[in-house]
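Contents: one structure, followed by commentary.
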Amino acid sequence: MRYMATYDLMETMRNTNQWLGATARTMASYPMFAAVPNPMLEWTAAWGEVTERAFERMVVKPDWGIRTFTCDDGKDHLVHVETVVEKPFGDLIHFNVAGREEQPRKILLVAPMSGHYATLLRSTVKSLIVNCEVYVTDWHNARDIPVSAGKFDVEDYTLYLMEFMRELGPDTHVIAVCQPVPLTLAATAYLAELDPEAQPRTLTLIGGPVDPAAAPTEVTDFGHRVTMGQLEETAIQRVGFKYKGVGRMVYPGLLQLTSFMSMNADRHGKAFRDQIMRVCRGEASDHDAHNRFYDEYLAVMDMPAEFYLSTVERVFKNREIAKNEFVVNGHKVDIAAITKVAVKTVEGAKDDISAPGQCVAALDLLTGLPDEKKASHVEPGAGHYGIFAGKSWRNNIRPLVLDFIDSNAAKPKAKKRSKAKAAAE
């Protein structure tokens, strides 16, 4: 039962603040008060509206919001999010554009399990769905997974990726974003050893910590400063009674959000103060820039404790993948086993989370891969988010990645002539 009370206390505080916001908005908007105009009442109603929405969205999984897509025929086609593989800790989903011919590029987009939902990659999916068949790893909130489902650590994550790659087949092009980059590299290498025919065609690694020591950041410094005992004592709690995963050890999303917000407290505080004033002046809307950003940013999920702790210990502290010493199910994975999969790394010059040098380190580990199948790109002026979802991605990186995919795609097979046609010739 240890830490369960703390988990429920955090949820109680969140719930209370949501209630306070709703109460303030409702009371200050009471029709009778309109007879006595008072700026303070307007401000209170605005504060309540912003506060209620902020705390409410913390426990709600955002919707993908990709419902239709305009194809080359000029018509809007419905987009169906279909589950291809369903597993306890995450699903493989496909964005199926109804009535459109299957696109030649089949892309597996590996989303991070790092506190936010896979919907963080919404704009990335939208940009790729234009001319690709897009599949995404949709990780589940650990608070909703019963203890009976077992553990989930970096080795299980790697095995999940291998299963998803096998499901999609050898003509798949994998794009891994941020946190899953080193594990995606390991999964591809393990697949190269166990089932070479199931390897993907290309592997694009975007802003991930393959070798955290290559370019230290605040994130890597924290990983070195804190001991595993301290981390387990301060970050890990048991899911409370409200959710299906009651009793499961997790790194709570609300605790992660506190860390996210504290890193830029002044900027976030100003953003919410400005939003309250916009609501007062009637300038805000459900889908304005503030709400679009914070609807996603504040929506956090719990991570399985064993996944979080093993990531810090094995990827950051021990640098098992950087040293080519990563072990899955008792088997030492050899990154050099990748000999056919074309690999491209993408980094942002101003990335302060996974600094330039951490991701490109993957190419040095690929000693069995010919140089002509290796590529790298550093995007000038781009931060961490921009290399997969901002202008830098849309205008520069996406075209480069698609060109890389096309240049390493399987050549279309020549159509066989029928015997009758051959005889006629």
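Residues in the structure tokens are named by chain (A, B, ... in the order shown) and by number from 1 within that chain; ligands are numbered from 1 in the order shown.
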When you look at Asp76 (chain A) with a cut-off of 10 Å (counting only C-alpha atoms), what residues show up, excluding the ones that are within fewer than 6 positions of it in the same chain? I need them as a list in words.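 Here the answer would be Arg67, Thr68, Phe69, Thr70, Val97, Ala98 and Gly99 of chain A.
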Write out the residues from the selection above, keeping N, CA, C and O atoms, as a CSV table (one decimal), in the first residue's frame.
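Result went into result19.csv, see below:
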chain,number,residue,atom,x,y,z
A,67,ARG,N,-10.1,13.4,-38.8
A,67,ARG,CA,-11.4,12.8,-39.2
A,67,ARG,C,-11.6,12.7,-40.7
A,67,ARG,O,-12.2,11.7,-41.2
A,68,THR,N,-11.1,13.7,-41.5
A,68,THR,CA,-11.2,13.6,-42.9
A,68,THR,C,-9.9,14.1,-43.6
A,68,THR,O,-9.0,14.7,-42.9
A,69,PHE,N,-9.7,13.7,-44.8
A,69,PHE,CA,-8.5,14.1,-45.6
A,69,PHE,C,-8.9,14.3,-47.0
A,69,PHE,O,-9.6,13.5,-47.6
A,70,THR,N,-8.4,15.4,-47.6
A,70,THR,CA,-8.7,15.7,-49.0
A,70,THR,C,-7.7,15.1,-49.9
A,70,THR,O,-6.5,15.4,-49.8
A,97,VAL,N,-7.3,5.8,-44.8
A,97,VAL,CA,-8.1,6.8,-45.5
A,97,VAL,C,-9.1,6.1,-46.4
A,97,VAL,O,-8.6,5.4,-47.4
A,98,ALA,N,-10.3,6.2,-46.1
A,98,ALA,CA,-11.3,5.4,-46.8
A,98,ALA,C,-11.4,5.8,-48.3
A,98,ALA,O,-11.4,7.0,-48.6
A,99,GLY,N,-11.5,4.8,-49.2
A,99,GLY,CA,-11.7,5.1,-50.6
A,99,GLY,C,-10.5,5.6,-51.3
A,99,GLY,O,-10.5,5.9,-52.5
Closest atom pairs, region 238-346 of chain A residues within 7 Å of region 192-214 of chain A, only C-alpha atoms, as a Markdown table:
| residue | atom | partner | partner_atom | distance |
| --- | --- | --- | --- | --- |
| A:Phe316 | CA | A:Pro212 | CA | 6.0 |
| A:Arg319 | CA | A:Asp211 | CA | 6.6 |
| A:Ile321 | CA | A:Val210 | CA | 6.6 |
| A:Ala322 | CA | A:Asp211 | CA | 4.9 |
| A:Ala337 | CA | A:Ala192 | CA | 6.0 |
| A:Ile338 | CA | A:Ala192 | CA | 5.9 |
| A:Val341 | CA | A:Thr202 | CA | 5.2 |
| A:Ala342 | CA | A:Thr202 | CA | 4.7 |
| A:Val343 | CA | A:Leu203 | CA | 4.8 |
| A:Lys344 | CA | A:Thr204 | CA | 4.8 |
| A:Thr345 | CA | A:Leu205 | CA | 4.7 |
| A:Val346 | CA | A:Ile206 | CA | 4.7 |
Nearest to Asn329 (chain A): which of A:Val81, A:Pro104, A:Thr220, A:Glu155 is it, counting only C-alpha atoms? A:Glu155
Which residues come within 10 Å of Ala5 (chain A), counting only C-alpha atoms, excluding same-chain residues fewer than 6 positions away, as a list in words? Glu11, Gln237, Arg238, Val239, Gly240 and Phe241 of chain A
Store the residues of this selection in a file with N, CA, C and O atoms, as a short mmCIF file (atom, residue, chain, number, x, y, z; two decimals), in the first residue's frame.
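Saved as out.cif:
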data_model
loop_
_atom_site.label_atom_id
_atom_site.label_comp_id
_atom_site.auth_asym_id
_atom_site.auth_seq_id
_atom_site.Cartn_x
_atom_site.Cartn_y
_atom_site.Cartn_z
N GLU A 11 -4.30 13.14 -6.99
CA GLU A 11 -5.55 13.14 -7.75
C GLU A 11 -6.61 13.98 -7.03
O GLU A 11 -7.41 14.68 -7.67
N GLN A 237 5.24 5.71 -7.42
CA GLN A 237 4.07 5.56 -6.53
C GLN A 237 3.19 4.43 -7.04
O GLN A 237 3.35 3.96 -8.16
N ARG A 238 2.25 4.01 -6.19
CA ARG A 238 1.29 2.99 -6.60
C ARG A 238 -0.01 3.67 -7.04
O ARG A 238 -0.47 4.62 -6.42
N VAL A 239 -0.60 3.14 -8.11
CA VAL A 239 -1.86 3.68 -8.61
C VAL A 239 -2.94 3.53 -7.54
O VAL A 239 -3.03 2.49 -6.87
N GLY A 240 -3.74 4.58 -7.36
CA GLY A 240 -4.78 4.57 -6.35
C GLY A 240 -6.00 3.76 -6.73
O GLY A 240 -6.06 3.12 -7.78
N PHE A 241 -7.01 3.81 -5.86
CA PHE A 241 -8.17 2.94 -5.99
C PHE A 241 -9.10 3.32 -7.14
O PHE A 241 -9.98 2.55 -7.51
#
Could you tell me, as an MDAnalysis selection string, which residues of region 201-360 of chain A DSSP assigns to strand (DSSP E or B) when given the backbone? chainID A and resid 202:206 237:238 249:251 300 303:304 327:328 331:332 342:348
File of the preceding selection, N, CA, C and O atoms, as a tab-separated table (two decimals), in the first residue's frame:
chain	number	residue	atom	x	y	z
A	202	THR	N	13.90	0.88	-44.17
A	202	THR	CA	14.70	2.01	-43.69
A	202	THR	C	14.39	2.29	-42.23
A	202	THR	O	13.33	1.91	-41.72
A	203	LEU	N	15.30	2.99	-41.59
A	203	LEU	CA	15.15	3.37	-40.19
A	203	LEU	C	15.59	4.83	-40.05
A	203	LEU	O	16.74	5.16	-40.30
A	204	THR	N	14.65	5.70	-39.67
A	204	THR	CA	14.97	7.11	-39.46
A	204	THR	C	14.87	7.41	-37.97
A	204	THR	O	13.83	7.19	-37.35
A	205	LEU	N	15.97	7.87	-37.40
A	205	LEU	CA	16.06	8.14	-35.96
A	205	LEU	C	16.09	9.64	-35.73
A	205	LEU	O	17.02	10.32	-36.16
A	206	ILE	N	15.08	10.17	-35.04
A	206	ILE	CA	14.93	11.61	-34.87
A	206	ILE	C	15.12	12.01	-33.40
A	206	ILE	O	14.31	11.65	-32.54
A	237	GLN	N	5.24	5.71	-7.42
A	237	GLN	CA	4.07	5.56	-6.53
A	237	GLN	C	3.19	4.43	-7.04
A	237	GLN	O	3.35	3.96	-8.16
A	238	ARG	N	2.25	4.01	-6.19
A	238	ARG	CA	1.29	2.99	-6.60
A	238	ARG	C	-0.01	3.67	-7.04
A	238	ARG	O	-0.47	4.62	-6.42
A	249	MET	N	2.89	-0.12	-9.76
A	249	MET	CA	3.93	0.88	-9.52
A	249	MET	C	4.14	1.69	-10.79
A	249	MET	O	4.37	1.12	-11.87
A	250	VAL	N	4.05	3.02	-10.67
A	250	VAL	CA	4.16	3.89	-11.83
A	250	VAL	C	4.95	5.15	-11.49
A	250	VAL	O	5.16	5.48	-10.32
A	251	TYR	N	5.38	5.82	-12.57
A	251	TYR	CA	5.88	7.19	-12.45
A	251	TYR	C	4.68	8.04	-12.87
A	251	TYR	O	4.36	8.14	-14.05
A	300	VAL	N	-1.33	14.12	-19.57
A	300	VAL	CA	-0.19	13.26	-19.26
A	300	VAL	C	-0.66	11.86	-18.88
A	300	VAL	O	-1.80	11.65	-18.46
A	303	MET	N	3.66	6.28	-16.47
A	303	MET	CA	4.57	5.30	-17.07
A	303	MET	C	4.78	4.13	-16.11
A	303	MET	O	4.88	4.35	-14.90
A	304	PRO	N	4.87	2.91	-16.62
A	304	PRO	CA	5.22	1.79	-15.73
A	304	PRO	C	6.55	2.07	-15.03
A	304	PRO	O	7.50	2.52	-15.66
A	327	VAL	N	20.99	-6.07	-23.57
A	327	VAL	CA	20.56	-7.47	-23.47
A	327	VAL	C	19.03	-7.54	-23.43
A	327	VAL	O	18.39	-6.79	-22.68
A	328	VAL	N	18.46	-8.42	-24.23
A	328	VAL	CA	17.01	-8.65	-24.25
A	328	VAL	C	16.76	-10.14	-24.05
A	328	VAL	O	17.28	-10.97	-24.79
A	331	HIS	N	19.69	-12.34	-24.15
A	331	HIS	CA	20.49	-12.36	-25.37
A	331	HIS	C	21.12	-10.99	-25.59
A	331	HIS	O	20.44	-9.96	-25.59
A	332	LYS	N	22.42	-10.96	-25.81
A	332	LYS	CA	23.11	-9.70	-26.08
A	332	LYS	C	22.86	-9.30	-27.54
A	332	LYS	O	23.21	-10.01	-28.46
A	342	ALA	N	18.74	0.70	-44.34
A	342	ALA	CA	19.30	2.05	-44.47
A	342	ALA	C	18.91	2.88	-43.26
A	342	ALA	O	17.74	2.88	-42.84
A	343	VAL	N	19.87	3.60	-42.68
A	343	VAL	CA	19.63	4.34	-41.43
A	343	VAL	C	19.98	5.81	-41.61
A	343	VAL	O	21.06	6.15	-42.10
A	344	LYS	N	19.06	6.66	-41.18
A	344	LYS	CA	19.28	8.12	-41.24
A	344	LYS	C	19.01	8.70	-39.86
A	344	LYS	O	18.02	8.33	-39.20
A	345	THR	N	19.87	9.60	-39.39
A	345	THR	CA	19.65	10.29	-38.14
A	345	THR	C	19.32	11.76	-38.41
A	345	THR	O	19.84	12.36	-39.35
A	346	VAL	N	18.46	12.31	-37.57
A	346	VAL	CA	18.05	13.72	-37.69
A	346	VAL	C	18.19	14.37	-36.32
A	346	VAL	O	17.68	13.83	-35.32
A	347	GLU	N	18.86	15.51	-36.26
A	347	GLU	CA	19.05	16.22	-35.00
A	347	GLU	C	18.75	17.71	-35.20
A	347	GLU	O	18.84	18.23	-36.31
A	348	GLY	N	18.40	18.37	-34.10
A	348	GLY	CA	18.18	19.81	-34.13
A	348	GLY	C	19.36	20.53	-33.53
A	348	GLY	O	19.84	20.16	-32.44
For Leu365 (chain A), please output as a ChimeraX atom specification all residues within 10 Å (counting only C-alpha atoms; exclusion window: fewer than 2 positions along the same chain). /A:185,210,321-324,334-338,360-363,367-369
What does the file look like for those residues with all heavy atoms, as a short mmCIF file (atom, residue, chain, number, x, y, z; two decimals), in the first residue's frame?
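The resulting file, part-v6.cif, is reproduced below:
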data_model
loop_
_atom_site.label_atom_id
_atom_site.label_comp_id
_atom_site.auth_asym_id
_atom_site.auth_seq_id
_atom_site.Cartn_x
_atom_site.Cartn_y
_atom_site.Cartn_z
N LEU A 185 16.45 1.14 -32.44
CA LEU A 185 17.70 0.66 -33.03
C LEU A 185 18.00 -0.76 -32.55
O LEU A 185 18.36 -1.64 -33.34
CB LEU A 185 18.84 1.60 -32.67
CG LEU A 185 20.23 1.27 -33.22
CD1 LEU A 185 20.24 1.41 -34.74
CD2 LEU A 185 21.28 2.20 -32.59
N VAL A 210 20.81 7.97 -28.24
CA VAL A 210 21.54 6.72 -28.45
C VAL A 210 22.77 6.69 -27.54
O VAL A 210 23.06 5.69 -26.89
CB VAL A 210 21.96 6.57 -29.93
CG1 VAL A 210 22.83 5.34 -30.12
CG2 VAL A 210 20.72 6.49 -30.81
N ILE A 321 23.21 0.65 -24.75
CA ILE A 321 23.09 0.67 -26.21
C ILE A 321 24.27 1.39 -26.83
O ILE A 321 24.82 0.96 -27.85
CB ILE A 321 21.75 1.31 -26.62
CG1 ILE A 321 20.61 0.40 -26.17
CG2 ILE A 321 21.69 1.57 -28.13
CD1 ILE A 321 19.22 0.91 -26.47
N ALA A 322 24.72 2.48 -26.23
CA ALA A 322 25.87 3.22 -26.75
C ALA A 322 27.13 2.35 -26.75
O ALA A 322 28.00 2.49 -27.62
CB ALA A 322 26.11 4.48 -25.92
N LYS A 323 27.21 1.44 -25.77
CA LYS A 323 28.36 0.54 -25.67
C LYS A 323 28.13 -0.79 -26.41
O LYS A 323 28.98 -1.67 -26.36
CB LYS A 323 28.66 0.25 -24.20
CG LYS A 323 29.09 1.48 -23.39
CD LYS A 323 29.29 1.09 -21.93
CE LYS A 323 29.72 2.29 -21.09
NZ LYS A 323 29.88 1.93 -19.65
N ASN A 324 26.97 -0.92 -27.04
CA ASN A 324 26.59 -2.16 -27.73
C ASN A 324 26.60 -3.34 -26.76
O ASN A 324 27.09 -4.43 -27.07
CB ASN A 324 27.53 -2.45 -28.90
CG ASN A 324 26.91 -3.42 -29.91
OD1 ASN A 324 25.69 -3.63 -29.91
ND2 ASN A 324 27.73 -4.01 -30.74
N ASP A 334 23.45 -7.34 -30.89
CA ASP A 334 24.59 -6.76 -31.59
C ASP A 334 24.10 -5.79 -32.65
O ASP A 334 23.50 -6.19 -33.65
CB ASP A 334 25.43 -7.87 -32.24
CG ASP A 334 26.70 -7.32 -32.89
OD1 ASP A 334 27.03 -6.14 -32.66
OD2 ASP A 334 27.36 -8.09 -33.62
N ILE A 335 24.34 -4.49 -32.43
CA ILE A 335 23.88 -3.47 -33.38
C ILE A 335 24.52 -3.69 -34.75
O ILE A 335 23.92 -3.37 -35.79
CB ILE A 335 24.23 -2.05 -32.86
CG1 ILE A 335 23.67 -1.85 -31.45
CG2 ILE A 335 23.68 -0.99 -33.79
CD1 ILE A 335 22.18 -1.93 -31.32
N ALA A 336 25.70 -4.27 -34.78
CA ALA A 336 26.40 -4.51 -36.05
C ALA A 336 25.68 -5.54 -36.91
O ALA A 336 26.02 -5.70 -38.09
CB ALA A 336 27.83 -4.98 -35.78
N ALA A 337 24.66 -6.22 -36.36
CA ALA A 337 23.91 -7.21 -37.14
C ALA A 337 23.06 -6.53 -38.21
O ALA A 337 22.60 -7.19 -39.15
CB ALA A 337 23.01 -8.03 -36.21
N ILE A 338 22.86 -5.22 -38.09
CA ILE A 338 22.11 -4.48 -39.11
C ILE A 338 23.04 -4.28 -40.31
O ILE A 338 24.00 -3.52 -40.25
CB ILE A 338 21.63 -3.12 -38.57
CG1 ILE A 338 20.70 -3.32 -37.37
CG2 ILE A 338 20.91 -2.33 -39.67
CD1 ILE A 338 20.26 -2.03 -36.71
N VAL A 360 23.27 10.87 -33.67
CA VAL A 360 24.15 10.46 -34.77
C VAL A 360 25.14 9.39 -34.32
O VAL A 360 25.74 8.69 -35.15
CB VAL A 360 24.89 11.69 -35.35
CG1 VAL A 360 26.00 12.14 -34.41
CG2 VAL A 360 25.43 11.39 -36.74
N ALA A 361 25.28 9.23 -33.01
CA ALA A 361 26.16 8.18 -32.48
C ALA A 361 25.73 6.80 -32.94
O ALA A 361 26.53 5.86 -32.95
CB ALA A 361 26.17 8.24 -30.95
N ALA A 362 24.48 6.67 -33.36
CA ALA A 362 23.98 5.38 -33.85
C ALA A 362 24.77 4.90 -35.06
O ALA A 362 25.01 3.70 -35.23
CB ALA A 362 22.50 5.49 -34.20
N LEU A 363 25.20 5.83 -35.91
CA LEU A 363 25.89 5.44 -37.14
C LEU A 363 27.24 4.79 -36.85
O LEU A 363 27.68 3.92 -37.61
CB LEU A 363 26.08 6.67 -38.04
CG LEU A 363 24.78 7.38 -38.48
CD1 LEU A 363 25.11 8.51 -39.45
CD2 LEU A 363 23.80 6.40 -39.12
N THR A 367 28.57 -0.89 -37.63
CA THR A 367 29.82 -1.27 -38.30
C THR A 367 29.60 -2.26 -39.44
O THR A 367 30.46 -2.40 -40.31
CB THR A 367 30.80 -1.87 -37.28
OG1 THR A 367 30.17 -2.98 -36.61
CG2 THR A 367 31.21 -0.83 -36.25
N GLY A 368 28.45 -2.94 -39.46
CA GLY A 368 28.17 -3.88 -40.53
C GLY A 368 27.38 -3.29 -41.67
O GLY A 368 27.07 -3.98 -42.65
N LEU A 369 27.06 -2.00 -41.58
CA LEU A 369 26.24 -1.35 -42.61
C LEU A 369 27.13 -0.52 -43.53
O LEU A 369 27.94 0.29 -43.07
CB LEU A 369 25.20 -0.45 -41.94
CG LEU A 369 24.10 0.14 -42.83
CD1 LEU A 369 23.20 -0.98 -43.37
CD2 LEU A 369 23.28 1.16 -42.05
#
Rounded to one decimal in Å, what is the spacing between CA of Phe164 (chain A) and CA of Cys359 (chain A)? 22.6 Å
So how far away is CA of Asn408 (chain A) from CA of Ile107 (chain A), in Å?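 It comes out at 13.2 Å.
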Choose the residue, out of A:Lys373, A:Arg248, A:Arg105, A:His116, that has the smallest atom-to-atom separation from Ala410 (chain A); count only C-alpha atoms.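 Using only C-alpha atoms, the shortest distance to Ala410 (chain A) belongs to A:Arg105.
Interatomic distance, CA of Leu309 (chain A) against CA of Phe152 (chain A): 10.8 Å.
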So that each row is one residue of region 170-282 of chain A with an atom at most 12 Å from region 312-315 of chain A, can you give its shortest atom pair and the distance in Å to one decimal, using only C-alpha atoms, rows by chain and rising number, as a Markdown table?
| residue | atom | partner | partner_atom | distance |
| --- | --- | --- | --- | --- |
| A:Gln179 | CA | A:Val315 | CA | 10.0 |
| A:Pro180 | CA | A:Val315 | CA | 10.5 |
| A:Val181 | CA | A:Val315 | CA | 10.7 |
| A:Pro182 | CA | A:Val315 | CA | 7.9 |
| A:Leu183 | CA | A:Val315 | CA | 8.9 |
| A:Ala186 | CA | A:Val315 | CA | 11.3 |
| A:Gly208 | CA | A:Val315 | CA | 10.9 |
| A:Pro209 | CA | A:Val315 | CA | 8.0 |
| A:Val210 | CA | A:Val315 | CA | 7.8 |
| A:Asp211 | CA | A:Val315 | CA | 8.0 |
| A:Pro212 | CA | A:Val315 | CA | 7.9 |
| A:Ala213 | CA | A:Val315 | CA | 10.3 |
| A:Val219 | CA | A:Val312 | CA | 10.2 |
| A:Thr220 | CA | A:Val312 | CA | 9.2 |
| A:Asp221 | CA | A:Val312 | CA | 11.4 |
| A:Phe222 | CA | A:Val312 | CA | 9.8 |
| A:Gly223 | CA | A:Val312 | CA | 6.5 |
| A:His224 | CA | A:Val312 | CA | 9.2 |
| A:Arg225 | CA | A:Val312 | CA | 11.4 |
| A:Val226 | CA | A:Val312 | CA | 9.9 |
| A:Thr227 | CA | A:Glu313 | CA | 9.1 |
| A:Met228 | CA | A:Glu313 | CA | 7.2 |
| A:Gly229 | CA | A:Glu313 | CA | 10.9 |
| A:Leu231 | CA | A:Val312 | CA | 9.3 |
| A:Glu232 | CA | A:Val312 | CA | 10.9 |
From the DSSP assignment of the backbone, select every residue of region 10-119 of chain A that is helix (DSSP H, G or I), and format the answer as an MDAnalysis selection string. chainID A and resid 10:28 31:35 39:59 118:119
A:Thr311, A:Ser114, A:Ser259, A:Thr119: which is nearest Asp63 (chain A), counting only C-alpha atoms?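 So, comparing all the options, the nearest one is A:Thr119.
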Rank nothing, just name the residue among A:Met113, A:Ala389, A:Leu128, A:Val246 nearest to Asp8 (chain A), using only C-alpha atoms. A:Val246
